[in-house]
Amino acid sequence: MPDKRFTMSTSSQSSYNLTQITLHWLIAALVVFQIVFAEAIEEAAEAAEEGYRISAGEALLADAHIWVGFAVLGLTMLRVAIRLVRGAPAGAAGEPAFALLAMKATHLAFYVLLFAAPVTGIIAYYVFPEAGELHEIAKPAFIALIAIHVLATLWHHLIRRDDTLRRMIRPAQ
């Protein structure tokens with residue numbers, strides 16, 4: 001029988017714990033930062049190729065993009081490790097099978113992007129610049145997933161009036 005501590009399963013808990021909630025919101029804020037200020041790293045790469053200088057502010061944002069990417073990768077690894085050990089609350093009661101499948105697919109896509117975006121960025125910056133084209137796909141993918149995630153959360157909160165949003169705001173006791 002497999003050890004249930006090491007599966008990405010649901011658990012009997014009704015909410016996430018404080019660490020899981022903190023990691024969710026911190027990673028979300030860092031991803032939004034990356035989306036909003038992504039042009040700085042693109043400008044820095046173009047300046048390096050064409051031999052002109054960028055402003056100190058642009059250089060700071062370009063460096064921040066790199067370090068925030070490393071932070072997203074590290075925090076995501078921590079979040080996955082905690083989820084493997086602790087699990088996650090089950091989906092909302094009475095949720096149709098297609099909705100549960102959509103939820104799982106969206107979360108899986110988020111985790112794939114949270115790993116793939118920093119890794120392809122690191123490869124593009126340090127090893128193989130052409131990987132930057134693959135890295136750039138992450139921005140519209142994140143925007144689409146964030147929109148789906150927010151709309152689903154609002155649907156749960158305003159239409160279904162269930163505890164989905166509360167579980168990511170108030171920690172399990």
# chains A, B, ... in the order shown; residues from 1 in each chain; ligands from 1
call {"tool": "select_by_dssp", "arguments": {"residues": "segment 8-149 of chain A", "states": "strand (DSSP E)", "output": "count of residues only"}}
result
4
call {"tool": "select_by_dssp", "arguments": {"residues": "chain A", "states": "alpha helix (DSSP H)", "output": "PyMOL selection string"}}
result
chain A and resi 18-36+38-50+56-86+97-126+131-136+138-154+164-167
call {"tool": "closest_residue", "arguments": {"among": "A:Arg86, A:Leu113, A:Leu101, A:Arg79", "to": "Leu145 of chain A", "atoms": "only C-alpha atoms"}}
result
A:Leu113
call {"tool": "atom_distance", "arguments": {"atom1": "atom CA of Gly91 of chain A", "atom2": "atom CA of Arg161 of chain A"}}
result
13.7 Å
call {"tool": "closest_atom_pairs", "arguments": {"of": "segment 1-63 of chain A", "to": "segment 68-74 of chain A", "cutoff": "12 Å", "atoms": "only C-alpha atoms", "output": "CSV"}}
result
residue,atom,partner,partner_atom,distance
A:Leu23,CA,A:Val72,CA,9.8
A:His24,CA,A:Val72,CA,10.7
A:Trp25,CA,A:Val72,CA,11.5
A:Leu26,CA,A:Val72,CA,8.8
A:Ile27,CA,A:Val72,CA,6.0
A:Ala28,CA,A:Val72,CA,9.0
A:Ala29,CA,A:Val72,CA,9.8
A:Leu30,CA,A:Val68,CA,6.6
A:Val31,CA,A:Val72,CA,7.4
A:Val32,CA,A:Val68,CA,10.6
A:Phe33,CA,A:Val68,CA,8.3
A:Gln34,CA,A:Val68,CA,7.4
A:Ile35,CA,A:Gly69,CA,10.9
A:Phe37,CA,A:Val68,CA,10.8
A:Ala38,CA,A:Gly69,CA,10.7
A:Ile41,CA,A:Gly69,CA,11.5
A:Leu60,CA,A:Val68,CA,11.8
A:Leu61,CA,A:Val68,CA,10.0
A:Ala62,CA,A:Val68,CA,9.9
A:Asp63,CA,A:Val68,CA,8.5
call {"tool": "write_last_selection", "arguments": {"atoms": "N, CA, C and O atoms", "output": "compact mmCIF listing (two decimals), in the first residue's frame"}}
result
# COMPACT_ATOMS: atom_id res chain seq x y z
N LEU A 23 2.19 30.94 1.56
CA LEU A 23 2.90 30.62 0.32
C LEU A 23 2.04 30.92 -0.91
O LEU A 23 2.54 31.45 -1.91
N HIS A 24 0.75 30.60 -0.86
CA HIS A 24 -0.15 30.88 -1.98
C HIS A 24 -0.13 32.36 -2.33
O HIS A 24 0.10 32.74 -3.47
N TRP A 25 -0.35 33.22 -1.32
CA TRP A 25 -0.46 34.65 -1.57
C TRP A 25 0.89 35.27 -1.90
O TRP A 25 0.97 36.20 -2.73
N LEU A 26 1.96 34.78 -1.31
CA LEU A 26 3.29 35.31 -1.61
C LEU A 26 3.69 34.96 -3.04
O LEU A 26 4.16 35.82 -3.79
N ILE A 27 3.49 33.72 -3.43
CA ILE A 27 3.81 33.31 -4.81
C ILE A 27 2.92 34.08 -5.79
O ILE A 27 3.40 34.55 -6.83
N ALA A 28 1.64 34.25 -5.46
CA ALA A 28 0.75 35.01 -6.34
C ALA A 28 1.25 36.44 -6.53
O ALA A 28 1.29 36.95 -7.66
N ALA A 29 1.65 37.09 -5.44
CA ALA A 29 2.16 38.46 -5.53
C ALA A 29 3.44 38.52 -6.38
O ALA A 29 3.61 39.43 -7.20
N LEU A 30 4.32 37.54 -6.20
CA LEU A 30 5.56 37.52 -6.97
C LEU A 30 5.29 37.28 -8.45
O LEU A 30 5.94 37.89 -9.32
N VAL A 31 4.33 36.43 -8.77
CA VAL A 31 3.97 36.18 -10.17
C VAL A 31 3.39 37.45 -10.80
O VAL A 31 3.73 37.81 -11.93
N VAL A 32 2.54 38.14 -10.07
CA VAL A 32 1.98 39.40 -10.59
C VAL A 32 3.11 40.41 -10.83
O VAL A 32 3.14 41.09 -11.86
N PHE A 33 4.06 40.49 -9.89
CA PHE A 33 5.23 41.37 -10.09
C PHE A 33 5.93 41.00 -11.39
O PHE A 33 6.29 41.87 -12.20
N GLN A 34 6.17 39.71 -11.61
CA GLN A 34 6.86 39.25 -12.80
C GLN A 34 6.10 39.64 -14.07
O GLN A 34 6.71 40.06 -15.06
N ILE A 35 4.80 39.49 -14.05
CA ILE A 35 3.98 39.83 -15.22
C ILE A 35 4.05 41.33 -15.50
O ILE A 35 4.26 41.75 -16.63
N PHE A 37 6.28 43.62 -14.55
CA PHE A 37 7.59 44.21 -14.83
C PHE A 37 8.46 43.36 -15.75
O PHE A 37 9.68 43.56 -15.82
N ALA A 38 7.87 42.45 -16.51
CA ALA A 38 8.63 41.57 -17.39
C ALA A 38 9.38 42.32 -18.49
O ALA A 38 10.43 41.88 -18.94
N ILE A 41 13.35 43.05 -18.17
CA ILE A 41 14.37 42.06 -18.53
C ILE A 41 14.50 41.97 -20.05
O ILE A 41 15.59 41.78 -20.59
N LEU A 60 17.62 47.77 -12.31
CA LEU A 60 17.12 47.24 -11.03
C LEU A 60 15.94 46.30 -11.25
O LEU A 60 15.88 45.21 -10.68
N LEU A 61 15.00 46.70 -12.10
CA LEU A 61 13.84 45.84 -12.38
C LEU A 61 14.25 44.56 -13.11
O LEU A 61 13.68 43.49 -12.87
N ALA A 62 15.23 44.66 -14.00
CA ALA A 62 15.70 43.46 -14.70
C ALA A 62 16.34 42.49 -13.71
O ALA A 62 16.07 41.28 -13.75
N ASP A 63 17.18 43.02 -12.81
CA ASP A 63 17.78 42.16 -11.78
C ASP A 63 16.70 41.59 -10.86
O ASP A 63 16.77 40.41 -10.48
call {"tool": "residues_around", "arguments": {"residues": "His107 of chain A", "least_positions_apart": "6", "cutoff": "12 Å", "atoms": "only C-alpha atoms", "output": "PyMOL selection string"}}
result
chain A and resi 8+24+80+88+100-101+113-114+142+145-146+148-149+152
call {"tool": "write_last_selection", "arguments": {"atoms": "C-alpha atoms", "output": "PDB file, in the first residue's frame"}}
result
ATOM      1  CA  MET A   8      -0.799  15.080  -3.948  1.00  0.00           C
ATOM      2  CA  HIS A  24      -0.155  30.877  -1.978  1.00  0.00           C
ATOM      3  CA  VAL A  80       4.707  21.313  -3.328  1.00  0.00           C
ATOM      4  CA  ALA A  88      -5.146  19.833   0.439  1.00  0.00           C
ATOM      5  CA  LEU A 100     -13.520  19.040 -10.134  1.00  0.00           C
ATOM      6  CA  LEU A 101     -11.635  17.973 -13.252  1.00  0.00           C
ATOM      7  CA  LEU A 113       4.054  27.023 -15.040  1.00  0.00           C
ATOM      8  CA  LEU A 114       5.426  27.867 -11.588  1.00  0.00           C
ATOM      9  CA  PHE A 142      -0.278  32.903 -16.384  1.00  0.00           C
ATOM     10  CA  LEU A 145      -4.892  30.889 -15.649  1.00  0.00           C
ATOM     11  CA  ILE A 146      -5.148  33.762 -13.182  1.00  0.00           C
ATOM     12  CA  ILE A 148      -9.837  31.460 -14.764  1.00  0.00           C
ATOM     13  CA  HIS A 149      -8.780  31.080 -11.122  1.00  0.00           C
ATOM     14  CA  ALA A 152     -13.896  30.419 -10.457  1.00  0.00           C
TER      15      ALA A 152
END
call {"tool": "residues_around", "arguments": {"residues": "Ala124 of chain A", "least_positions_apart": "3", "cutoff": "12 Å", "atoms": "only C-alpha atoms", "output": "list in words"}}
result
Ile41, Glu42, Ala45, Ile66, Ala116, Ala117, Pro118, Val119, Thr120, Gly121, Val127, Phe128, Pro129, Glu130, Ala131, Gly132, Glu133, Leu134, His135 and Glu136 of chain A
call {"tool": "atom_distance", "arguments": {"atom1": "atom CA of Met77 of chain A", "atom2": "atom CA of Thr153 of chain A"}}
result
24.0 Å
call {"tool": "atom_distance", "arguments": {"atom1": "atom CA of Ser14 of chain A", "atom2": "atom CA of Ala109 of chain A"}}
result
23.4 Å
call {"tool": "closest_residue", "arguments": {"among": "A:Tyr16, A:Ala48, A:Ala40, A:Thr164", "to": "Glu95 of chain A", "atoms": "only C-alpha atoms"}}
result
A:Thr164
call {"tool": "closest_residue", "arguments": {"among": "A:Gln20, A:Ile54, A:Arg166, A:Leu154", "to": "Gly87 of chain A", "atoms": "only C-alpha atoms"}}
result
A:Gln20
